[in-house]
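With compact mmCIF, N, CA and C atoms inside, this is coords25.txt:
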# COMPACT_ATOMS: atom_id res chain seq x y z
N MET A 23 -19.92 -9.45 -15.26
CA MET A 23 -19.36 -8.15 -14.97
C MET A 23 -20.28 -7.40 -14.00
N THR A 24 -20.06 -7.60 -12.75
CA THR A 24 -20.97 -7.03 -11.77
C THR A 24 -20.24 -6.13 -10.78
N VAL A 25 -21.02 -5.47 -9.98
CA VAL A 25 -20.47 -4.65 -8.91
C VAL A 25 -19.66 -5.53 -7.96
N GLU A 26 -20.11 -6.74 -7.76
CA GLU A 26 -19.39 -7.68 -6.89
C GLU A 26 -17.98 -7.95 -7.42
N ASN A 27 -17.84 -8.10 -8.73
CA ASN A 27 -16.52 -8.33 -9.35
C ASN A 27 -15.62 -7.11 -9.13
N ILE A 28 -16.19 -5.92 -9.29
CA ILE A 28 -15.42 -4.69 -9.09
C ILE A 28 -14.96 -4.59 -7.64
N GLU A 29 -15.85 -4.86 -6.71
CA GLU A 29 -15.51 -4.79 -5.29
C GLU A 29 -14.45 -5.83 -4.93
N ARG A 30 -14.56 -7.02 -5.49
CA ARG A 30 -13.58 -8.08 -5.23
C ARG A 30 -12.20 -7.68 -5.76
N ALA A 31 -12.16 -7.14 -6.97
CA ALA A 31 -10.89 -6.71 -7.56
C ALA A 31 -10.28 -5.56 -6.76
N ASP A 32 -11.12 -4.59 -6.36
CA ASP A 32 -10.63 -3.46 -5.57
C ASP A 32 -10.08 -3.93 -4.23
N ALA A 33 -10.77 -4.85 -3.58
CA ALA A 33 -10.30 -5.38 -2.29
C ALA A 33 -8.97 -6.10 -2.46
N PHE A 34 -8.84 -6.88 -3.51
CA PHE A 34 -7.58 -7.60 -3.74
C PHE A 34 -6.44 -6.61 -3.96
N LEU A 35 -6.67 -5.64 -4.84
CA LEU A 35 -5.62 -4.69 -5.17
C LEU A 35 -5.27 -3.76 -4.00
N SER A 36 -6.22 -3.53 -3.11
CA SER A 36 -6.01 -2.63 -1.98
C SER A 36 -5.21 -3.26 -0.84
N GLN A 37 -5.01 -4.57 -0.88
CA GLN A 37 -4.31 -5.25 0.21
C GLN A 37 -2.93 -4.67 0.49
N ALA A 38 -2.15 -4.45 -0.55
CA ALA A 38 -0.79 -3.97 -0.37
C ALA A 38 -0.79 -2.57 0.23
N ALA A 39 -1.70 -1.72 -0.21
CA ALA A 39 -1.76 -0.36 0.31
C ALA A 39 -2.11 -0.37 1.80
N LYS A 40 -3.00 -1.27 2.19
CA LYS A 40 -3.38 -1.38 3.61
C LYS A 40 -2.17 -1.78 4.45
N VAL A 41 -1.43 -2.77 3.98
CA VAL A 41 -0.25 -3.23 4.72
C VAL A 41 0.82 -2.14 4.73
N ARG A 42 0.91 -1.39 3.64
CA ARG A 42 1.88 -0.28 3.60
C ARG A 42 1.54 0.78 4.65
N ARG A 43 0.26 1.08 4.82
CA ARG A 43 -0.15 2.03 5.86
C ARG A 43 0.20 1.50 7.24
N GLU A 44 -0.02 0.21 7.46
CA GLU A 44 0.34 -0.41 8.74
C GLU A 44 1.85 -0.33 8.97
N LEU A 45 2.62 -0.57 7.93
CA LEU A 45 4.08 -0.49 8.01
C LEU A 45 4.53 0.94 8.34
N ASP A 46 3.93 1.91 7.67
CA ASP A 46 4.26 3.31 7.95
C ASP A 46 3.97 3.66 9.42
N ALA A 47 2.86 3.17 9.94
CA ALA A 47 2.52 3.43 11.34
C ALA A 47 3.55 2.78 12.27
N LEU A 48 3.94 1.56 11.97
CA LEU A 48 4.96 0.88 12.78
C LEU A 48 6.29 1.63 12.75
N LEU A 49 6.68 2.09 11.58
CA LEU A 49 7.93 2.84 11.45
C LEU A 49 7.88 4.12 12.28
N SER A 50 6.75 4.78 12.25
CA SER A 50 6.58 6.01 13.03
C SER A 50 6.65 5.72 14.53
N GLU A 51 5.99 4.65 14.96
CA GLU A 51 6.03 4.27 16.37
C GLU A 51 7.45 3.89 16.79
N ALA A 52 8.14 3.16 15.93
CA ALA A 52 9.51 2.74 16.25
C ALA A 52 10.43 3.95 16.37
N GLU A 53 10.26 4.92 15.50
CA GLU A 53 11.08 6.14 15.57
C GLU A 53 10.82 6.87 16.89
N TYR A 54 9.55 6.96 17.27
CA TYR A 54 9.19 7.59 18.54
C TYR A 54 9.83 6.84 19.71
N MET A 55 9.75 5.51 19.69
CA MET A 55 10.32 4.71 20.78
C MET A 55 11.84 4.85 20.82
N GLN A 56 12.48 4.93 19.66
CA GLN A 56 13.93 5.11 19.61
C GLN A 56 14.32 6.45 20.24
N ASN A 57 13.58 7.50 19.90
CA ASN A 57 13.84 8.81 20.49
C ASN A 57 13.63 8.80 21.99
N LEU A 58 12.61 8.10 22.42
CA LEU A 58 12.33 7.98 23.85
C LEU A 58 13.44 7.21 24.56
N ALA A 59 13.90 6.13 23.93
CA ALA A 59 14.95 5.30 24.52
C ALA A 59 16.24 6.10 24.70
N GLU A 60 16.52 6.99 23.77
CA GLU A 60 17.73 7.80 23.85
C GLU A 60 17.68 8.80 25.00
N LYS A 61 16.48 9.10 25.47
CA LYS A 61 16.31 10.07 26.56
C LYS A 61 16.18 9.40 27.93
N CYS A 62 16.16 8.07 27.94
CA CYS A 62 15.98 7.33 29.20
C CYS A 62 17.24 7.39 30.06
N ASP A 63 17.00 7.29 31.35
CA ASP A 63 18.14 7.14 32.26
C ASP A 63 18.58 5.68 32.23
N ASN A 64 19.67 5.37 32.87
CA ASN A 64 20.23 4.01 32.85
C ASN A 64 19.26 2.96 33.37
N ALA A 65 18.44 3.30 34.34
CA ALA A 65 17.50 2.35 34.93
C ALA A 65 16.46 1.88 33.91
N ASN A 66 16.07 2.75 33.00
CA ASN A 66 15.03 2.41 32.02
C ASN A 66 15.58 2.10 30.62
N ALA A 67 16.86 2.29 30.43
CA ALA A 67 17.46 2.12 29.11
C ALA A 67 17.33 0.69 28.58
N LYS A 68 17.53 -0.29 29.46
CA LYS A 68 17.46 -1.69 29.01
C LYS A 68 16.05 -2.04 28.54
N SER A 69 15.06 -1.62 29.30
CA SER A 69 13.66 -1.88 28.93
C SER A 69 13.32 -1.19 27.61
N ALA A 70 13.78 0.03 27.45
CA ALA A 70 13.52 0.77 26.22
C ALA A 70 14.19 0.10 25.03
N ALA A 71 15.40 -0.40 25.21
CA ALA A 71 16.13 -1.08 24.12
C ALA A 71 15.40 -2.34 23.68
N VAL A 72 14.86 -3.08 24.64
CA VAL A 72 14.10 -4.30 24.32
C VAL A 72 12.86 -3.94 23.50
N THR A 73 12.20 -2.88 23.88
CA THR A 73 11.01 -2.44 23.15
C THR A 73 11.36 -2.04 21.73
N VAL A 74 12.46 -1.33 21.56
CA VAL A 74 12.90 -0.91 20.22
C VAL A 74 13.22 -2.14 19.37
N ARG A 75 13.87 -3.16 19.95
CA ARG A 75 14.17 -4.39 19.20
C ARG A 75 12.89 -5.11 18.78
N ARG A 76 11.88 -5.10 19.64
CA ARG A 76 10.60 -5.72 19.29
C ARG A 76 9.98 -5.03 18.08
N TYR A 77 10.07 -3.72 18.05
CA TYR A 77 9.56 -2.99 16.89
C TYR A 77 10.32 -3.39 15.64
N GLY A 78 11.62 -3.58 15.76
CA GLY A 78 12.43 -4.01 14.61
C GLY A 78 11.94 -5.32 14.05
N ALA A 79 11.62 -6.28 14.92
CA ALA A 79 11.11 -7.58 14.48
C ALA A 79 9.74 -7.43 13.81
N LYS A 80 8.87 -6.61 14.39
CA LYS A 80 7.55 -6.38 13.80
C LYS A 80 7.68 -5.72 12.43
N ILE A 81 8.59 -4.77 12.33
CA ILE A 81 8.80 -4.07 11.06
C ILE A 81 9.30 -5.04 10.00
N ASN A 82 10.25 -5.89 10.35
CA ASN A 82 10.77 -6.86 9.38
C ASN A 82 9.66 -7.77 8.86
N ALA A 83 8.81 -8.24 9.77
CA ALA A 83 7.70 -9.11 9.36
C ALA A 83 6.72 -8.36 8.45
N LYS A 84 6.45 -7.10 8.78
CA LYS A 84 5.51 -6.31 7.99
C LYS A 84 6.09 -5.98 6.62
N VAL A 85 7.39 -5.73 6.55
CA VAL A 85 8.04 -5.48 5.25
C VAL A 85 7.92 -6.71 4.36
N LYS A 86 8.17 -7.88 4.92
CA LYS A 86 8.06 -9.12 4.15
C LYS A 86 6.63 -9.31 3.64
N GLU A 87 5.65 -9.08 4.50
CA GLU A 87 4.25 -9.19 4.11
C GLU A 87 3.92 -8.20 3.00
N TYR A 88 4.37 -6.96 3.16
CA TYR A 88 4.11 -5.92 2.15
C TYR A 88 4.72 -6.30 0.80
N LEU A 89 5.97 -6.71 0.80
CA LEU A 89 6.63 -7.04 -0.46
C LEU A 89 5.97 -8.22 -1.17
N ASN A 90 5.54 -9.22 -0.41
CA ASN A 90 4.82 -10.35 -1.00
C ASN A 90 3.51 -9.91 -1.64
N LEU A 91 2.73 -9.12 -0.90
CA LEU A 91 1.45 -8.65 -1.44
C LEU A 91 1.65 -7.73 -2.64
N ARG A 92 2.64 -6.86 -2.55
CA ARG A 92 2.92 -5.92 -3.64
C ARG A 92 3.28 -6.69 -4.91
N ASP A 93 4.08 -7.74 -4.78
CA ASP A 93 4.43 -8.55 -5.94
C ASP A 93 3.20 -9.22 -6.55
N LYS A 94 2.33 -9.76 -5.71
CA LYS A 94 1.11 -10.40 -6.21
C LYS A 94 0.22 -9.39 -6.93
N VAL A 95 0.04 -8.23 -6.32
CA VAL A 95 -0.80 -7.19 -6.91
C VAL A 95 -0.19 -6.72 -8.24
N GLN A 96 1.10 -6.50 -8.26
CA GLN A 96 1.75 -6.03 -9.48
C GLN A 96 1.65 -7.07 -10.60
N THR A 97 1.78 -8.33 -10.27
CA THR A 97 1.64 -9.39 -11.27
C THR A 97 0.25 -9.37 -11.89
N VAL A 98 -0.77 -9.21 -11.05
CA VAL A 98 -2.15 -9.16 -11.55
C VAL A 98 -2.36 -7.92 -12.42
N ILE A 99 -1.84 -6.79 -11.97
CA ILE A 99 -2.00 -5.55 -12.75
C ILE A 99 -1.27 -5.66 -14.09
N ASN A 100 -0.08 -6.23 -14.08
CA ASN A 100 0.70 -6.36 -15.32
C ASN A 100 -0.01 -7.22 -16.36
N ALA A 101 -0.94 -8.04 -15.94
CA ALA A 101 -1.68 -8.90 -16.86
C ALA A 101 -2.82 -8.16 -17.56
N VAL A 102 -3.14 -6.95 -17.12
CA VAL A 102 -4.21 -6.16 -17.75
C VAL A 102 -3.71 -5.69 -19.12
N ALA A 103 -4.48 -5.96 -20.15
CA ALA A 103 -4.04 -5.69 -21.53
C ALA A 103 -4.05 -4.21 -21.89
N ASP A 104 -5.07 -3.48 -21.50
CA ASP A 104 -5.21 -2.07 -21.89
C ASP A 104 -4.18 -1.21 -21.16
N ASP A 105 -3.40 -0.44 -21.94
CA ASP A 105 -2.33 0.39 -21.36
C ASP A 105 -2.85 1.42 -20.37
N ASP A 106 -3.93 2.12 -20.72
CA ASP A 106 -4.47 3.13 -19.81
C ASP A 106 -4.98 2.50 -18.52
N CYS A 107 -5.67 1.37 -18.65
CA CYS A 107 -6.18 0.68 -17.45
C CYS A 107 -5.03 0.21 -16.57
N ARG A 108 -4.05 -0.40 -17.19
CA ARG A 108 -2.88 -0.90 -16.44
C ARG A 108 -2.15 0.25 -15.75
N GLY A 109 -1.95 1.35 -16.48
CA GLY A 109 -1.28 2.51 -15.90
C GLY A 109 -2.04 3.09 -14.73
N LEU A 110 -3.36 3.20 -14.88
CA LEU A 110 -4.20 3.70 -13.79
C LEU A 110 -4.08 2.81 -12.56
N LEU A 111 -4.17 1.51 -12.76
CA LEU A 111 -4.09 0.57 -11.63
C LEU A 111 -2.73 0.63 -10.93
N LEU A 112 -1.66 0.70 -11.73
CA LEU A 112 -0.32 0.79 -11.14
C LEU A 112 -0.18 2.06 -10.31
N ARG A 113 -0.65 3.16 -10.86
CA ARG A 113 -0.50 4.43 -10.17
C ARG A 113 -1.33 4.48 -8.90
N ARG A 114 -2.51 3.88 -8.92
CA ARG A 114 -3.37 3.93 -7.73
C ARG A 114 -2.96 2.88 -6.70
N TYR A 115 -2.82 1.65 -7.12
CA TYR A 115 -2.66 0.55 -6.16
C TYR A 115 -1.21 0.22 -5.82
N ILE A 116 -0.26 0.63 -6.66
CA ILE A 116 1.15 0.41 -6.34
C ILE A 116 1.79 1.70 -5.83
N ASN A 117 1.52 2.81 -6.52
CA ASN A 117 2.14 4.09 -6.14
C ASN A 117 1.30 4.91 -5.17
N ASN A 118 0.08 4.46 -4.89
CA ASN A 118 -0.82 5.13 -3.94
C ASN A 118 -1.12 6.58 -4.30
N GLU A 119 -1.27 6.86 -5.59
CA GLU A 119 -1.58 8.22 -6.03
C GLU A 119 -3.07 8.49 -5.90
N ARG A 120 -3.41 9.74 -5.69
CA ARG A 120 -4.82 10.15 -5.59
C ARG A 120 -5.44 10.18 -6.99
N TRP A 121 -6.75 9.95 -7.05
CA TRP A 121 -7.46 9.92 -8.34
C TRP A 121 -7.28 11.24 -9.09
N GLU A 122 -7.35 12.34 -8.38
CA GLU A 122 -7.22 13.65 -9.01
C GLU A 122 -5.85 13.81 -9.68
N HIS A 123 -4.81 13.36 -9.01
CA HIS A 123 -3.45 13.46 -9.55
C HIS A 123 -3.30 12.56 -10.77
N ILE A 124 -3.85 11.38 -10.71
CA ILE A 124 -3.79 10.45 -11.85
C ILE A 124 -4.51 11.08 -13.04
N ALA A 125 -5.69 11.64 -12.81
CA ALA A 125 -6.46 12.27 -13.90
C ALA A 125 -5.66 13.40 -14.54
N GLU A 126 -5.08 14.24 -13.73
CA GLU A 126 -4.31 15.37 -14.25
C GLU A 126 -3.12 14.89 -15.09
N ASP A 127 -2.38 13.93 -14.58
CA ASP A 127 -1.20 13.42 -15.29
C ASP A 127 -1.55 12.68 -16.57
N MET A 128 -2.72 12.03 -16.59
CA MET A 128 -3.12 11.28 -17.77
C MET A 128 -3.93 12.16 -18.75
N ASN A 129 -4.14 13.42 -18.38
CA ASN A 129 -4.92 14.37 -19.19
C ASN A 129 -6.36 13.90 -19.41
N PHE A 130 -6.95 13.38 -18.34
CA PHE A 130 -8.35 12.96 -18.35
C PHE A 130 -9.08 13.73 -17.25
N SER A 131 -10.38 13.81 -17.39
CA SER A 131 -11.19 14.37 -16.30
C SER A 131 -11.27 13.33 -15.19
N VAL A 132 -11.58 13.78 -14.00
CA VAL A 132 -11.73 12.85 -12.88
C VAL A 132 -12.89 11.90 -13.16
N ALA A 133 -13.95 12.41 -13.77
CA ALA A 133 -15.09 11.55 -14.11
C ALA A 133 -14.65 10.44 -15.07
N HIS A 134 -13.82 10.78 -16.04
CA HIS A 134 -13.34 9.75 -16.98
C HIS A 134 -12.44 8.74 -16.26
N ILE A 135 -11.66 9.20 -15.31
CA ILE A 135 -10.79 8.29 -14.54
C ILE A 135 -11.64 7.28 -13.78
N TYR A 136 -12.78 7.72 -13.22
CA TYR A 136 -13.65 6.79 -12.51
C TYR A 136 -14.27 5.77 -13.48
N ARG A 137 -14.60 6.20 -14.69
CA ARG A 137 -15.12 5.25 -15.69
C ARG A 137 -14.01 4.27 -16.09
N LEU A 138 -12.80 4.80 -16.28
CA LEU A 138 -11.66 3.95 -16.63
C LEU A 138 -11.34 2.97 -15.50
N ARG A 139 -11.49 3.44 -14.26
CA ARG A 139 -11.26 2.57 -13.09
C ARG A 139 -12.21 1.37 -13.13
N LYS A 140 -13.47 1.63 -13.43
CA LYS A 140 -14.44 0.54 -13.51
C LYS A 140 -14.03 -0.46 -14.58
N LYS A 141 -13.67 0.04 -15.75
CA LYS A 141 -13.23 -0.83 -16.85
C LYS A 141 -11.99 -1.62 -16.42
N ALA A 142 -11.05 -0.93 -15.77
CA ALA A 142 -9.81 -1.59 -15.34
C ALA A 142 -10.08 -2.68 -14.30
N LEU A 143 -10.93 -2.38 -13.33
CA LEU A 143 -11.21 -3.37 -12.29
C LEU A 143 -11.96 -4.58 -12.86
N LEU A 144 -12.79 -4.35 -13.87
CA LEU A 144 -13.47 -5.47 -14.50
C LEU A 144 -12.53 -6.38 -15.28
N SER A 145 -11.37 -5.83 -15.66
CA SER A 145 -10.41 -6.64 -16.41
C SER A 145 -9.40 -7.36 -15.51
N VAL A 146 -9.46 -7.10 -14.22
CA VAL A 146 -8.54 -7.73 -13.26
C VAL A 146 -8.99 -9.15 -12.96
N GLN A 147 -8.02 -10.08 -12.95
CA GLN A 147 -8.29 -11.47 -12.60
C GLN A 147 -7.44 -11.84 -11.37
N PRO A 148 -7.96 -11.54 -10.14
CA PRO A 148 -7.16 -11.82 -8.93
C PRO A 148 -6.92 -13.30 -8.70

Rendering of file as structure tokens:
Amino acid sequence: MTVENIERADAFLSQAAKVRRELDALLSEAEYMQNLAEKCDNANAKSAAVTVRRYGAKINAKVKEYLNLRDKVQTVINAVADDDCRGLLLRRYINNERWEHIAEDMNFSVAHIYRLRKKALLSVQP
């Protein structure tokens, strides 16, 4: 039970959140490009449409990657025996909630949430 184990578990569980942030950025870029394409004149419309389609393909690939990682992370979290630990991990790594919000909802201090996080990460078997 070492710091290395905690870091390894945190890195594993954080994968889905990282890909979700990348997906959100792609969606934002695609929306911007779609708005831009709608304002193009006929000469640039074809080029803009091709760019928008490329974003669609990138988004589809990123969604697939996100869903695969999310399923893996959720399976690992669901294997955690302690209800509080499992709930904390689900809320942080699946729902992307802030530590302060988790502490408030679970009626714990933030300091206790950090202690619970350590216990939870030590119980994770990636």

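Considering the residues A:Val74, A:Arg137, A:Ala142, A:Ile124 and counting all atoms listed in the file, Glu53 in chain A has its shortest atom-to-atom contact with A:Val74.
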
Atom pair atom C of Asn90 in chain A + atom C of Thr73 in chain A, distance 25.9 Å

For this session: Excluding Ile135 in chain A and residues on its chain fewer than 5 positions from it, collect all residues at most 8 Å away from it, counting only N, CA and C atoms, and give them as a PyMOL selection string.
Result: chain A and resi 121+124-125+130+140-141

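Interatomic distance, atom C of Ser131 in chain A to atom N of Ile99 in chain A: 22.5 Å.
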
(request) Excluding range 115-118 of chain A and any residue of its chain fewer than 3 positions from it, enumerate the residues within 12 Å of it, using only C-alpha atoms, and give them as number ranges by chain. (result) A: 31-43, 88-89, 91-100, 107-112, 121-124, 139, 142-143

Export of the given selection (N, CA and C atoms) as a JSON list (two decimals), in the coordinates of the input:
[["chain", "number", "residue", "atom", "x", "y", "z"],
["A", 31, "ALA", "N", -12.16, -7.14, -6.97],
["A", 31, "ALA", "CA", -10.89, -6.71, -7.56],
["A", 31, "ALA", "C", -10.28, -5.56, -6.76],
["A", 32, "ASP", "N", -11.12, -4.59, -6.36],
["A", 32, "ASP", "CA", -10.63, -3.46, -5.57],
["A", 32, "ASP", "C", -10.08, -3.93, -4.23],
["A", 33, "ALA", "N", -10.77, -4.85, -3.58],
["A", 33, "ALA", "CA", -10.30, -5.38, -2.29],
["A", 33, "ALA", "C", -8.97, -6.10, -2.46],
["A", 34, "PHE", "N", -8.84, -6.88, -3.51],
["A", 34, "PHE", "CA", -7.58, -7.60, -3.74],
["A", 34, "PHE", "C", -6.44, -6.61, -3.96],
["A", 35, "LEU", "N", -6.67, -5.64, -4.84],
["A", 35, "LEU", "CA", -5.62, -4.69, -5.17],
["A", 35, "LEU", "C", -5.27, -3.76, -4.00],
["A", 36, "SER", "N", -6.22, -3.53, -3.11],
["A", 36, "SER", "CA", -6.01, -2.63, -1.98],
["A", 36, "SER", "C", -5.21, -3.26, -0.84],
["A", 37, "GLN", "N", -5.01, -4.57, -0.88],
["A", 37, "GLN", "CA", -4.31, -5.25, 0.21],
["A", 37, "GLN", "C", -2.93, -4.67, 0.49],
["A", 38, "ALA", "N", -2.15, -4.45, -0.55],
["A", 38, "ALA", "CA", -0.79, -3.97, -0.37],
["A", 38, "ALA", "C", -0.79, -2.57, 0.23],
["A", 39, "ALA", "N", -1.70, -1.72, -0.21],
["A", 39, "ALA", "CA", -1.76, -0.36, 0.31],
["A", 39, "ALA", "C", -2.11, -0.37, 1.80],
["A", 40, "LYS", "N", -3.00, -1.27, 2.19],
["A", 40, "LYS", "CA", -3.38, -1.38, 3.61],
["A", 40, "LYS", "C", -2.17, -1.78, 4.45],
["A", 41, "VAL", "N", -1.43, -2.77, 3.98],
["A", 41, "VAL", "CA", -0.25, -3.23, 4.72],
["A", 41, "VAL", "C", 0.82, -2.14, 4.73],
["A", 42, "ARG", "N", 0.91, -1.39, 3.64],
["A", 42, "ARG", "CA", 1.88, -0.28, 3.60],
["A", 42, "ARG", "C", 1.54, 0.78, 4.65],
["A", 43, "ARG", "N", 0.26, 1.08, 4.82],
["A", 43, "ARG", "CA", -0.15, 2.03, 5.86],
["A", 43, "ARG", "C", 0.20, 1.50, 7.24],
["A", 88, "TYR", "N", 4.37, -6.96, 3.16],
["A", 88, "TYR", "CA", 4.11, -5.92, 2.15],
["A", 88, "TYR", "C", 4.72, -6.30, 0.80],
["A", 89, "LEU", "N", 5.97, -6.71, 0.80],
["A", 89, "LEU", "CA", 6.63, -7.04, -0.46],
["A", 89, "LEU", "C", 5.97, -8.22, -1.17],
["A", 91, "LEU", "N", 2.73, -9.12, -0.90],
["A", 91, "LEU", "CA", 1.45, -8.65, -1.44],
["A", 91, "LEU", "C", 1.65, -7.73, -2.64],
["A", 92, "ARG", "N", 2.64, -6.86, -2.55],
["A", 92, "ARG", "CA", 2.92, -5.92, -3.64],
["A", 92, "ARG", "C", 3.28, -6.69, -4.91],
["A", 93, "ASP", "N", 4.08, -7.74, -4.78],
["A", 93, "ASP", "CA", 4.43, -8.55, -5.94],
["A", 93, "ASP", "C", 3.20, -9.22, -6.55],
["A", 94, "LYS", "N", 2.33, -9.76, -5.71],
["A", 94, "LYS", "CA", 1.11, -10.40, -6.21],
["A", 94, "LYS", "C", 0.22, -9.39, -6.93],
["A", 95, "VAL", "N", 0.04, -8.23, -6.32],
["A", 95, "VAL", "CA", -0.80, -7.19, -6.91],
["A", 95, "VAL", "C", -0.19, -6.72, -8.24],
["A", 96, "GLN", "N", 1.10, -6.50, -8.26],
["A", 96, "GLN", "CA", 1.75, -6.03, -9.48],
["A", 96, "GLN", "C", 1.65, -7.07, -10.60],
["A", 97, "THR", "N", 1.78, -8.33, -10.27],
["A", 97, "THR", "CA", 1.64, -9.39, -11.27],
["A", 97, "THR", "C", 0.25, -9.37, -11.89],
["A", 98, "VAL", "N", -0.77, -9.21, -11.05],
["A", 98, "VAL", "CA", -2.15, -9.16, -11.55],
["A", 98, "VAL", "C", -2.36, -7.92, -12.42],
["A", 99, "ILE", "N", -1.84, -6.79, -11.97],
["A", 99, "ILE", "CA", -2.00, -5.55, -12.75],
["A", 99, "ILE", "C", -1.27, -5.66, -14.09],
["A", 100, "ASN", "N", -0.08, -6.23, -14.08],
["A", 100, "ASN", "CA", 0.70, -6.36, -15.32],
["A", 100, "ASN", "C", -0.01, -7.22, -16.36],
["A", 107, "CYS", "N", -5.67, 1.37, -18.65],
["A", 107, "CYS", "CA", -6.18, 0.68, -17.45],
["A", 107, "CYS", "C", -5.03, 0.21, -16.57],
["A", 108, "ARG", "N", -4.05, -0.40, -17.19],
["A", 108, "ARG", "CA", -2.88, -0.90, -16.44],
["A", 108, "ARG", "C", -2.15, 0.25, -15.75],
["A", 109, "GLY", "N", -1.95, 1.35, -16.48],
["A", 109, "GLY", "CA", -1.28, 2.51, -15.90],
["A", 109, "GLY", "C", -2.04, 3.09, -14.73],
["A", 110, "LEU", "N", -3.36, 3.20, -14.88],
["A", 110, "LEU", "CA", -4.20, 3.70, -13.79],
["A", 110, "LEU", "C", -4.08, 2.81, -12.56],
["A", 111, "LEU", "N", -4.17, 1.51, -12.76],
["A", 111, "LEU", "CA", -4.09, 0.57, -11.63],
["A", 111, "LEU", "C", -2.73, 0.63, -10.93],
["A", 112, "LEU", "N", -1.66, 0.70, -11.73],
["A", 112, "LEU", "CA", -0.32, 0.79, -11.14],
["A", 112, "LEU", "C", -0.18, 2.06, -10.31],
["A", 121, "TRP", "N", -6.75, 9.95, -7.05],
["A", 121, "TRP", "CA", -7.46, 9.92, -8.34],
["A", 121, "TRP", "C", -7.28, 11.24, -9.09],
["A", 122, "GLU", "N", -7.35, 12.34, -8.38],
["A", 122, "GLU", "CA", -7.22, 13.65, -9.01],
["A", 122, "GLU", "C", -5.85, 13.81, -9.68],
["A", 123, "HIS", "N", -4.81, 13.36, -9.01],
["A", 123, "HIS", "CA", -3.45, 13.46, -9.55],
["A", 123, "HIS", "C", -3.30, 12.56, -10.77],
["A", 124, "ILE", "N", -3.85, 11.38, -10.71],
["A", 124, "ILE", "CA", -3.79, 10.45, -11.85],
["A", 124, "ILE", "C", -4.51, 11.08, -13.04],
["A", 139, "ARG", "N", -11.49, 3.44, -14.26],
["A", 139, "ARG", "CA", -11.26, 2.57, -13.09],
["A", 139, "ARG", "C", -12.21, 1.37, -13.13],
["A", 142, "ALA", "N", -11.05, -0.93, -15.77],
["A", 142, "ALA", "CA", -9.81, -1.59, -15.34],
["A", 142, "ALA", "C", -10.08, -2.68, -14.30],
["A", 143, "LEU", "N", -10.93, -2.38, -13.33],
["A", 143, "LEU", "CA", -11.21, -3.37, -12.29],
["A", 143, "LEU", "C", -11.96, -4.58, -12.86]]

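What separates CA of Ala133 in chain A from CA of Val25 in chain A is a distance of 17.8 Å.
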
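Using only C-alpha atoms, the contacts of Thr24 in chain A at a cut-off of 9 Å, with sequence neighbours closer than 4 positions omitted, comprise Ile28, Glu29 and Leu144 of chain A.
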
Just list as a PyMOL selection string whatever in chain A DSSP marks as alpha helix (DSSP H). chain A and resi 25-60+64-100+105-111+121-128+132-144

Extending 8 Å beyond the listed atoms of range 29-35 of chain A on each side, what axis-aligned box results? I want centre and edge lengths in Å to one decimal, as JSON.
{"center_x": -10.6, "center_y": -5.8, "center_z": -4.9, "size_x": 26.6, "size_y": 20.6, "size_z": 21.3}
